[in-house]
Every structure is written in C-alpha cells, then in structure tokens.
$ cat protein-v3.cif   # mmCIF, C-alpha atoms and all ligand atoms
data_final
#
loop_
_atom_site.group_PDB
_atom_site.id
_atom_site.type_symbol
_atom_site.label_atom_id
_atom_site.label_comp_id
_atom_site.auth_asym_id
_atom_site.auth_seq_id
_atom_site.Cartn_x
_atom_site.Cartn_y
_atom_site.Cartn_z
ATOM 1 C CA MET G 67 250.328 359.944 88.134
ATOM 2 C CA ALA G 68 247.271 358.151 86.779
ATOM 3 C CA TYR G 69 246.406 358.454 83.091
ATOM 4 C CA VAL G 70 243.480 360.932 83.358
ATOM 5 C CA VAL G 71 241.194 361.532 80.366
ATOM 6 C CA ASP G 72 238.510 364.247 80.374
ATOM 7 C CA VAL G 73 235.283 362.911 78.870
ATOM 8 C CA LEU G 74 233.320 365.276 76.650
ATOM 9 C CA ASP G 75 230.969 362.894 74.845
ATOM 10 C CA ALA G 76 228.735 360.178 76.358
ATOM 11 C CA ALA G 77 229.026 358.235 73.083
ATOM 12 C CA ASP G 78 232.834 357.933 73.334
ATOM 13 C CA PRO G 79 233.486 354.246 72.424
ATOM 14 C CA ARG G 80 236.186 353.995 75.103
ATOM 15 C CA LEU G 81 233.345 354.090 77.653
ATOM 16 C CA ALA G 82 231.692 350.877 76.412
ATOM 17 C CA ASP G 83 232.287 349.095 79.739
ATOM 18 C CA TYR G 84 229.960 351.602 81.412
ATOM 19 C CA THR G 85 227.000 351.747 79.043
ATOM 20 C CA ARG G 86 223.450 350.458 79.660
ATOM 21 C CA LEU G 87 224.191 349.559 83.262
ATOM 22 C CA THR G 88 220.502 349.422 84.158
ATOM 23 C CA ASP G 89 219.867 346.680 81.574
ATOM 24 C CA VAL G 90 220.400 343.788 83.991
ATOM 25 C CA ASP G 91 219.767 341.037 81.425
ATOM 26 C CA LEU G 92 222.324 342.500 79.036
ATOM 27 C CA ARG G 93 224.948 343.149 81.715
ATOM 28 C CA LYS G 94 224.523 339.656 83.251
ATOM 29 C CA VAL G 95 225.638 338.166 79.940
ATOM 30 C CA ARG G 96 228.112 340.809 78.822
ATOM 31 C CA GLU G 97 230.234 341.161 81.930
ATOM 32 C CA PRO G 98 231.283 337.516 82.421
ATOM 33 C CA ALA G 99 231.662 337.089 78.635
ATOM 34 C CA GLU G 100 233.958 340.105 78.428
ATOM 35 C CA GLY G 101 235.827 339.183 81.606
ATOM 36 C CA LEU G 102 234.943 342.292 83.561
ATOM 37 C CA PHE G 103 232.998 343.335 86.627
ATOM 38 C CA LEU G 104 232.150 346.742 88.000
ATOM 39 C CA ALA G 105 233.167 348.107 91.371
ATOM 40 C CA GLU G 106 231.072 351.073 92.463
ATOM 41 C CA GLY G 107 232.020 353.786 94.945
ATOM 42 C CA GLU G 108 235.443 354.802 96.214
ATOM 43 C CA LYS G 109 235.529 352.322 99.105
ATOM 44 C CA VAL G 110 234.668 349.271 96.978
ATOM 45 C CA ILE G 111 237.036 350.329 94.177
ATOM 46 C CA LEU G 112 239.907 350.672 96.655
ATOM 47 C CA ARG G 113 239.025 347.255 98.146
ATOM 48 C CA ALA G 114 239.147 345.702 94.684
ATOM 49 C CA LEU G 115 242.539 347.282 93.943
ATOM 50 C CA ARG G 116 243.922 346.224 97.324
ATOM 51 C CA ALA G 117 242.641 342.680 96.722
ATOM 52 C CA GLY G 118 244.842 342.635 93.625
ATOM 53 C CA TYR G 119 242.205 343.031 90.908
ATOM 54 C CA GLU G 120 243.493 344.827 87.814
ATOM 55 C CA PRO G 121 241.452 347.818 86.592
ATOM 56 C CA ARG G 122 240.584 348.074 82.883
ATOM 57 C CA SER G 123 239.501 351.693 83.411
ATOM 58 C CA VAL G 124 237.793 354.010 85.876
ATOM 59 C CA LEU G 125 234.915 356.453 85.312
ATOM 60 C CA THR G 126 234.529 359.116 87.961
ATOM 61 C CA SER G 127 233.468 362.672 88.618
ATOM 62 C CA SER G 128 236.334 365.002 89.617
ATOM 63 C CA LYS G 129 235.213 364.944 93.250
ATOM 64 C CA TRP G 130 236.372 361.346 93.770
ATOM 65 C CA LEU G 131 239.592 361.595 91.762
ATOM 66 C CA PRO G 132 241.946 362.640 94.612
ATOM 67 C CA GLY G 133 240.951 359.594 96.703
ATOM 68 C CA LEU G 134 241.411 357.163 93.822
ATOM 69 C CA GLU G 135 244.369 358.562 91.912
ATOM 70 C CA PRO G 136 247.214 357.537 94.269
ATOM 71 C CA GLU G 137 246.109 353.876 94.150
ATOM 72 C CA LEU G 138 245.660 353.904 90.382
ATOM 73 C CA THR G 139 249.148 355.128 89.685
ATOM 74 C CA GLY G 140 251.154 352.415 88.002
ATOM 75 C CA HIS G 141 248.161 350.474 86.684
ATOM 76 C CA GLY G 142 248.315 352.284 83.358
ATOM 77 C CA CYS G 143 244.566 352.224 82.828
ATOM 78 C CA PRO G 144 242.620 355.272 81.674
ATOM 79 C CA VAL G 145 240.771 357.234 84.355
ATOM 80 C CA PHE G 146 237.829 358.886 82.635
ATOM 81 C CA VAL G 147 236.654 362.034 84.395
ATOM 82 C CA ALA G 148 233.244 363.534 83.660
ATOM 83 C CA PRO G 149 230.672 365.714 85.427
ATOM 84 C CA ASP G 150 228.000 363.790 87.377
ATOM 85 C CA GLU G 151 225.355 364.529 84.738
ATOM 86 C CA LEU G 152 227.532 363.068 81.967
ATOM 87 C CA VAL G 153 228.348 360.000 84.097
ATOM 88 C CA ALA G 154 224.579 359.515 84.535
ATOM 89 C CA GLU G 155 224.032 359.870 80.797
ATOM 90 C CA ILE G 156 226.717 357.241 80.037
ATOM 91 C CA THR G 157 225.589 354.702 82.619
ATOM 92 C CA GLY G 158 221.842 355.342 82.630
ATOM 93 C CA TYR G 159 221.595 356.166 86.342
ATOM 94 C CA ARG G 160 223.071 358.368 89.068
ATOM 95 C CA VAL G 161 226.171 356.537 90.189
ATOM 96 C CA HIS G 162 226.592 355.882 93.901
ATOM 97 C CA ARG G 163 229.335 358.156 95.204
ATOM 98 C CA GLY G 164 230.207 359.148 91.648
ATOM 99 C CA ALA G 165 232.829 356.527 90.760
ATOM 100 C CA LEU G 166 232.902 353.223 88.893
ATOM 101 C CA ALA G 167 235.805 350.971 88.009
ATOM 102 C CA SER G 168 235.762 348.265 85.374
ATOM 103 C CA MET G 169 237.918 345.461 86.796
ATOM 104 C CA ARG G 170 239.313 342.322 85.178
ATOM 105 C CA ARG G 171 237.780 339.067 86.410
ATOM 106 C CA ARG G 172 240.216 336.397 87.544
ATOM 107 C CA ALA G 173 239.934 332.688 86.928
ATOM 108 C CA LEU G 174 237.966 331.142 89.781
ATOM 109 C CA PRO G 175 239.764 328.620 91.994
ATOM 110 C CA ASP G 176 238.615 325.019 91.790
ATOM 111 C CA LEU G 177 236.413 323.596 94.502
ATOM 112 C CA ASP G 178 239.248 321.691 96.212
ATOM 113 C CA ALA G 179 241.427 324.763 96.473
ATOM 114 C CA VAL G 180 238.722 327.053 97.770
ATOM 115 C CA VAL G 181 237.689 324.828 100.683
ATOM 116 C CA THR G 182 241.055 323.328 101.547
ATOM 117 C CA SER G 183 241.720 325.379 104.672
ATOM 118 C CA ALA G 184 238.086 326.132 105.557
ATOM 119 C CA THR G 185 236.160 324.497 108.380
ATOM 120 C CA ARG G 186 232.922 326.467 107.919
ATOM 121 C CA ILE G 187 231.566 327.030 104.447
ATOM 122 C CA VAL G 188 228.364 328.313 102.868
ATOM 123 C CA VAL G 189 226.832 326.789 99.740
ATOM 124 C CA LEU G 190 224.224 328.708 97.722
ATOM 125 C CA GLU G 191 221.881 326.897 95.362
ATOM 126 C CA ASP G 192 220.448 329.023 92.540
ATOM 127 C CA LEU G 193 219.852 332.320 94.358
ATOM 128 C CA VAL G 194 218.429 334.730 91.790
ATOM 129 C CA ASP G 195 218.667 338.031 93.633
ATOM 130 C CA HIS G 196 222.008 339.846 93.468
ATOM 131 C CA THR G 197 221.164 341.761 96.639
ATOM 132 C CA ASN G 198 220.753 338.505 98.551
ATOM 133 C CA VAL G 199 224.013 337.114 97.151
ATOM 134 C CA GLY G 200 225.878 340.281 98.192
ATOM 135 C CA ALA G 201 224.286 340.234 101.641
ATOM 136 C CA VAL G 202 225.280 336.572 102.174
ATOM 137 C CA PHE G 203 228.900 337.437 101.326
ATOM 138 C CA ARG G 204 228.838 340.420 103.670
ATOM 139 C CA ASN G 205 227.579 338.114 106.438
ATOM 140 C CA ALA G 206 230.212 335.499 105.544
ATOM 141 C CA ALA G 207 233.022 338.047 105.878
ATOM 142 C CA ALA G 208 231.638 339.411 109.147
ATOM 143 C CA LEU G 209 231.016 336.014 110.727
ATOM 144 C CA GLY G 210 234.273 334.336 109.729
ATOM 145 C CA ILE G 211 233.088 331.840 107.107
ATOM 146 C CA GLY G 212 236.062 330.244 105.331
ATOM 147 C CA ALA G 213 234.619 329.930 101.820
ATOM 148 C CA VAL G 214 231.457 330.241 99.748
ATOM 149 C CA VAL G 215 230.494 327.847 96.950
ATOM 150 C CA VAL G 216 227.740 328.891 94.538
ATOM 151 C CA SER G 217 225.827 326.519 92.264
ATOM 152 C CA PRO G 218 226.159 326.800 88.473
ATOM 153 C CA GLY G 219 222.793 328.597 88.296
ATOM 154 C CA CYS G 220 223.356 331.030 91.166
ATOM 155 C CA ALA G 221 223.339 334.790 90.495
ATOM 156 C CA ASP G 222 226.801 336.247 89.887
ATOM 157 C CA PRO G 223 228.636 337.372 93.056
ATOM 158 C CA LEU G 224 230.615 339.797 90.858
ATOM 159 C CA TYR G 225 227.552 341.521 89.410
ATOM 160 C CA ARG G 226 227.640 345.231 90.335
ATOM 161 C CA ARG G 227 224.753 345.029 92.813
ATOM 162 C CA SER G 228 226.233 341.978 94.592
ATOM 163 C CA VAL G 229 229.644 343.622 94.880
ATOM 164 C CA LYS G 230 228.093 346.818 96.230
ATOM 165 C CA VAL G 231 225.747 345.159 98.745
ATOM 166 C CA SER G 232 228.587 342.925 99.956
ATOM 167 C CA MET G 233 230.648 346.092 100.596
ATOM 168 C CA GLY G 234 233.422 344.404 98.654
ATOM 169 C CA ALA G 235 233.288 341.150 100.675
ATOM 170 C CA VAL G 236 232.966 339.159 97.424
ATOM 171 C CA LEU G 237 236.509 340.354 96.709
ATOM 172 C CA ALA G 238 237.828 339.102 100.035
ATOM 173 C CA VAL G 239 235.979 335.898 100.960
ATOM 174 C CA PRO G 240 237.333 332.886 99.022
ATOM 175 C CA TRP G 241 234.622 331.577 96.688
ATOM 176 C CA THR G 242 234.034 329.617 93.561
ATOM 177 C CA ARG G 243 231.251 328.427 91.287
ATOM 178 C CA ALA G 244 230.674 324.650 91.319
ATOM 179 C CA GLU G 245 231.012 323.053 87.904
ATOM 180 C CA THR G 246 228.713 320.142 88.646
ATOM 181 C CA TRP G 247 225.467 320.209 90.537
ATOM 182 C CA PRO G 248 224.385 318.662 92.799
ATOM 183 C CA GLY G 249 227.569 316.592 92.369
ATOM 184 C CA ALA G 250 229.585 319.339 94.095
ATOM 185 C CA LEU G 251 227.749 318.472 97.310
ATOM 186 C CA ASP G 252 229.048 314.887 97.093
ATOM 187 C CA MET G 253 232.561 316.254 96.617
ATOM 188 C CA LEU G 254 232.191 318.410 99.732
ATOM 189 C CA ARG G 255 230.963 315.463 101.781
ATOM 190 C CA GLU G 256 233.964 313.456 100.594
ATOM 191 C CA LYS G 257 236.060 316.225 102.125
ATOM 192 C CA ASP G 258 234.380 315.578 105.472
ATOM 193 C CA PHE G 259 232.024 318.524 105.414
ATOM 194 C CA ARG G 260 228.789 317.732 107.239
ATOM 195 C CA LEU G 261 226.242 319.408 105.012
ATOM 196 C CA LEU G 262 223.258 321.036 106.696
ATOM 197 C CA ALA G 263 220.319 321.707 104.380
ATOM 198 C CA LEU G 264 218.818 324.946 105.703
ATOM 199 C CA SER G 265 215.065 324.802 105.238
ATOM 200 C CA PRO G 266 212.052 326.212 107.080
ATOM 201 C CA ASP G 267 210.414 322.774 106.862
ATOM 202 C CA PRO G 268 209.089 322.010 110.388
ATOM 203 C CA ALA G 269 210.244 318.393 109.987
ATOM 204 C CA GLY G 270 213.896 319.510 110.138
ATOM 205 C CA SER G 271 216.024 319.573 113.289
ATOM 206 C CA ALA G 272 216.007 322.866 115.193
ATOM 207 C CA LEU G 273 219.323 324.692 114.705
ATOM 208 C CA GLN G 274 219.962 324.969 118.444
ATOM 209 C CA ASP G 275 219.799 321.169 118.815
ATOM 210 C CA VAL G 276 222.329 320.402 116.070
ATOM 211 C CA ASP G 277 225.970 319.518 116.714
ATOM 212 C CA LEU G 278 227.872 322.177 114.786
ATOM 213 C CA SER G 279 231.412 321.037 115.549
ATOM 214 C CA GLY G 280 233.959 320.066 112.909
ATOM 215 C CA ARG G 281 233.740 320.778 109.186
ATOM 216 C CA VAL G 282 230.280 322.129 108.458
ATOM 217 C CA GLY G 283 228.672 323.360 105.230
ATOM 218 C CA LEU G 284 225.523 325.492 105.413
ATOM 219 C CA VAL G 285 223.501 324.859 102.261
ATOM 220 C CA LEU G 286 220.924 327.530 101.411
ATOM 221 C CA GLY G 287 218.285 327.518 98.707
ATOM 222 C CA THR G 288 216.727 329.823 96.192
ATOM 223 C CA GLU G 289 214.347 332.601 97.213
ATOM 224 C CA GLY G 290 211.113 331.141 95.870
ATOM 225 C CA ASP G 291 211.168 327.377 96.160
ATOM 226 C CA GLY G 292 214.049 326.804 98.536
ATOM 227 C CA LEU G 293 216.468 323.899 98.145
ATOM 228 C CA THR G 294 215.803 321.289 95.475
ATOM 229 C CA SER G 295 215.111 317.777 96.704
ATOM 230 C CA ALA G 296 218.248 316.636 94.827
ATOM 231 C CA ALA G 297 220.337 318.980 96.990
ATOM 232 C CA ILE G 298 218.529 318.074 100.221
ATOM 233 C CA ASP G 299 219.044 314.370 99.508
ATOM 234 C CA ARG G 300 222.795 314.915 99.330
ATOM 235 C CA CYS G 301 222.966 316.747 102.661
ATOM 236 C CA ASP G 302 223.469 315.066 106.015
ATOM 237 C CA LEU G 303 220.664 316.782 107.864
ATOM 238 C CA ARG G 304 217.766 319.159 107.276
ATOM 239 C CA VAL G 305 217.982 322.050 109.727
ATOM 240 C CA ARG G 306 215.454 324.770 110.505
ATOM 241 C CA ILE G 307 215.714 328.082 112.280
ATOM 242 C CA PRO G 308 212.617 328.067 114.477
ATOM 243 C CA MET G 309 210.215 330.893 113.618
ATOM 244 C CA ALA G 310 207.055 332.416 115.100
ATOM 245 C CA VAL G 311 203.790 330.608 114.354
ATOM 246 C CA GLY G 312 202.317 331.483 110.946
ATOM 247 C CA ILE G 313 205.596 332.651 109.349
ATOM 248 C CA ASP G 314 206.664 330.776 106.188
ATOM 249 C CA SER G 315 210.340 331.554 105.973
ATOM 250 C CA LEU G 316 213.123 334.036 106.537
ATOM 251 C CA ASN G 317 214.846 335.945 103.773
ATOM 252 C CA VAL G 318 217.757 333.762 102.642
ATOM 253 C CA ALA G 319 220.426 336.305 103.648
ATOM 254 C CA ALA G 320 218.835 336.701 107.087
ATOM 255 C CA ALA G 321 218.688 332.907 107.477
ATOM 256 C CA SER G 322 222.346 332.699 106.451
ATOM 257 C CA ALA G 323 223.362 335.206 109.131
ATOM 258 C CA VAL G 324 221.579 333.291 111.893
ATOM 259 C CA ALA G 325 223.103 329.977 110.812
ATOM 260 C CA MET G 326 226.589 331.445 110.289
ATOM 261 C CA TYR G 327 226.510 332.982 113.732
ATOM 262 C CA ALA G 328 225.491 329.658 115.285
ATOM 263 C CA VAL G 329 228.137 327.691 113.427
ATOM 264 C CA THR G 330 231.007 330.097 114.027
ATOM 265 C CA ALA G 331 230.108 330.534 117.707
ATOM 266 C CA GLN G 332 230.985 326.830 118.228
ATOM 267 C CA PRO G 333 234.554 325.492 118.127
HETATM 268 C C1 LIG G 401 212.877 332.367 101.210
HETATM 269 S S1 LIG G 401 213.527 330.841 101.632
HETATM 270 C C2 LIG G 401 212.681 329.742 100.591
HETATM 271 C C3 LIG G 401 211.367 329.330 101.164
HETATM 272 C C4 LIG G 401 210.843 328.049 100.556
HETATM 273 N N1 LIG G 401 209.418 328.094 100.554
HETATM 274 C C5 LIG G 401 211.335 326.829 101.329
HETATM 275 O O1 LIG G 401 210.527 326.039 101.752
HETATM 276 O O2 LIG G 401 212.560 326.666 101.513
HETATM 277 C C6 LIG G 401 215.124 330.795 100.929
HETATM 278 C C7 LIG G 401 216.105 329.985 101.724
HETATM 279 O O3 LIG G 401 216.331 330.593 102.996
HETATM 280 C C8 LIG G 401 216.629 329.596 103.960
HETATM 281 N N2 LIG G 401 215.641 329.711 105.054
HETATM 282 C C9 LIG G 401 214.631 330.593 105.121
HETATM 283 N N3 LIG G 401 213.959 330.461 106.272
HETATM 284 C C10 LIG G 401 214.562 329.468 106.956
HETATM 285 C C11 LIG G 401 214.345 328.857 108.243
HETATM 286 N N4 LIG G 401 213.374 329.263 109.046
HETATM 287 N N5 LIG G 401 215.172 327.875 108.614
HETATM 288 C C12 LIG G 401 216.192 327.468 107.819
HETATM 289 N N6 LIG G 401 216.440 328.005 106.605
HETATM 290 C C13 LIG G 401 215.636 328.985 106.182
HETATM 291 C C14 LIG G 401 216.558 328.256 103.256
HETATM 292 O O4 LIG G 401 217.860 327.858 102.872
HETATM 293 C C15 LIG G 401 215.715 328.568 102.032
HETATM 294 O O5 LIG G 401 215.998 327.692 100.977
#
$ encode --input "protein-v3.cif" --output "structure tokens" --more "lines below"
Ligand SMILES: C[S@@+](CC[C@H](N)C(=O)[O-])C[C@H]1O[C@@H](n2cnc3c(N)ncnc32)[C@H](O)[C@@H]1O
Amino acid sequence: MAYVVDVLDAADPRLADYTRLTDVDLRKVREPAEGLFLAEGEKVILRALRAGYEPRSVLTSSKWLPGLEPELTGHGCPVFVAPDELVAEITGYRVHRGALASMRRRALPDLDAVVTSATRIVVLEDLVDHTNVGAVFRNAAALGIGAVVVSPGCADPLYRRSVKVSMGAVLAVPWTRAETWPGALDMLREKDFRLLALSPDPAGSALQDVDLSGRVGLVLGTEGDGLTSAAIDRCDLRVRIPMAVGIDSLNVAAASAVAMYAVTAQP
C-alpha cells in the first residue's frame, strides 16, 4: 500500500514541491537547487519510477491513483490526493492527466562515462527552449543515439516541459551536462568523435555528401544565433541540411531528427 494523504488545503506546506509551477524563472532555479524534478502524467511518472528515480512525493487526483499506487508501494513517499480543482489551485494550472510526481535528481555521470559505449552522440549548445530540448531527446531515443551532451548554458533536460515533451526519453537516454565549454568538444574529439557542426550556412557540406561512419557527434546550436564560432572552430566539419530556396533554417529539433536519421542509417 502507498502512503495516501487526502489534501484539503492548497496552502498545506507539504505541497511546496508543487507550488508556482507556471513561474518558469523561479522553477528553473528552485528545482536543480533543491535536487528535484517533476514528472507529469501517469505514463511519464511510471517511466521515471521504472528508470530507478526515487519519488519525493506524488500529487494526483483520485482518478489516476489506481494506475500509480502499485508502483509506489514500498517507496514510502506521501501520495497526495486532491480533486482536480484543488490540484489546479496548488500548481497554478490544469495538470496534464491529473498527476505529478516530484522526483529526486541523481548526480549526472561525467562526460567520459556517458559517451564510453556510444558511437553516435548529440551535443546541444545553449538551447533555451525546453520544448526543443525535450523534442531532441525524444528523437534521440527513437533514432538510437547513444548519448546526449548539453553545454553548461543549455536549458535543463529535467525541467517539467522537457521531460513531458520527451515522453520520458530524458530519463532513458544517457546524458550529461558538460562542465567546460567549448573545452568539452576537444575532449570528445580526443575520444575519436568526428564532430559535425550542424548549421544552415550554405558554405557547409551537404549532409548527404558527408561520410557518417565511425564515431560521430552531431553538434547543434541555439535557436536564435545558432552555434558559436568557438564551437564551430572545434568541430571537424560544418554540415548543412539542404533546404528550399529562401528558407533560413529548420527548427533545431527538426534538424536534429534529420541528422540523427542520416547518421544512424549508416553503419
Ligand atoms: C534555428 S537554428 C539557428 C539558425 C541560425 N540563424 C544559424 O545560422 O544557425 C538552430 C540550430 O538548428 C540547426 N539547424 C537548423 N537548420 C539547419 C540546417 N538547414 N542544416 C543544419 N543545421 C540546421 C543548427 O544546429 C542551428 O544551430
């Protein structure tokens, strides 16, 4: 049996993990500092539990309790149950599929460990949009990428929106945050990754003409300005996905999917 607690008051201090969820700036600071992240919806919560993440607590409406309870048994965390309206009052919005879990973050692996058995990796420099980060991870899981490395300034893969958009892939694909930048790119090259700087720049080599065999790292840049010149300089080759005349660029997650497909389709 899970430890079920009926919630009667939105101001109950035991619900602090779930308050002001729409205040992105606050949550971006609070969650890593407090060592938590939020999994939203039954499917993602179950994926987090099955990936071995420890729940601090769960907040759900009674409708989702039967699906969650068997997997929460033994964790000893409180399962707060409240009507949908009260859940919305606590969190500040209508929760997707009525359930949230506050999970404990784990220490991230170091760069060496995360890429050791990978032949195809993705590197993200300073993406700001959590939706894009989540979508890249979803693509990485679907297209068989071995690991993802994010730059120190990249949006948090464990932020609620990233976790949700990734459908839980951020909990399954090995990843870490580089401690040095762009020095991490040098470290990856030392490990025999050929780094491809993905850029719409017409001066780059067309993706279909590039040898994609062996250890390859796909390096993708931020939504507005793209890759920094410091990152491009550390890559082996600038590579473009050819586009129709007059189009500036693809969305970064879309570009990642095209490049991941190309790189995983080759031995
Ligand atoms: C929205 S784009 C940034 C556009 C920016 N003006 C630039 O020149 O890179 C974000 C990222 O998506 C990737 N990207 C977008 N379109 C691409 C294309 N046609 N070929 C290769 N990469 C592309 C690149 O990694 C880029 O840094």
$ axis_aligned_box --input "protein-v3.cif" --around "ligand LIG 401 (chain G)" --padding-each-side "5 Å" --output "AutoDock Vina command-line options"
--center_x 213.6 --center_y 329.2 --center_z 104.8 --size_x 18.4 --size_y 16.3 --size_z 18.5
$ closest_residue --input "protein-v3.cif" --among "G:Leu92, G:Val202, G:Leu224, G:Ala213" --to "Val110 of chain G" --atoms "all atoms listed in the file"
G:Leu224
$ residues_near_ligand --input "protein-v3.cif" --ligand "ligand LIG 401 (chain G)" --cutoff "8 Å" --atoms "all atoms listed in the file" --output "list in words"
Ala263, Leu264, Ser265, Pro266, Asp267, Val285, Leu286, Gly287, Thr288, Glu289, Gly290, Asp291, Gly292, Leu293, Val305, Arg306, Ile307, Pro308, Met309, Asp314, Ser315, Leu316, Asn317, Val318, Ala319, Ala320, Ala321, Ser322 and Ala325 of chain G
$ closest_residue --input "protein-v3.cif" --among "G:Val194, G:Leu102, G:Leu81, G:Cys220" --to "Leu152 of chain G" --atoms "all atoms listed in the file"
G:Leu81
$ atom_distance --input "protein-v3.cif" --atom1 "atom CA of Ser123 of chain G" --atom2 "atom CA of Val161 of chain G"
15.7 Å
$ atom_distance --input "protein-v3.cif" --atom1 "atom CA of Ala221 of chain G" --atom2 "atom CA of Thr85 of chain G"
20.8 Å
$ closest_residue --input "protein-v3.cif" --among "G:Tyr159, G:Phe103, G:Phe259, G:Trp247" --to "Ser228 of chain G" --atoms "only C-alpha atoms"
G:Phe103
$ atom_distance --input "protein-v3.cif" --atom1 "atom CA of Ile187 of chain G" --atom2 "atom CA of Thr246 of chain G"
17.5 Å
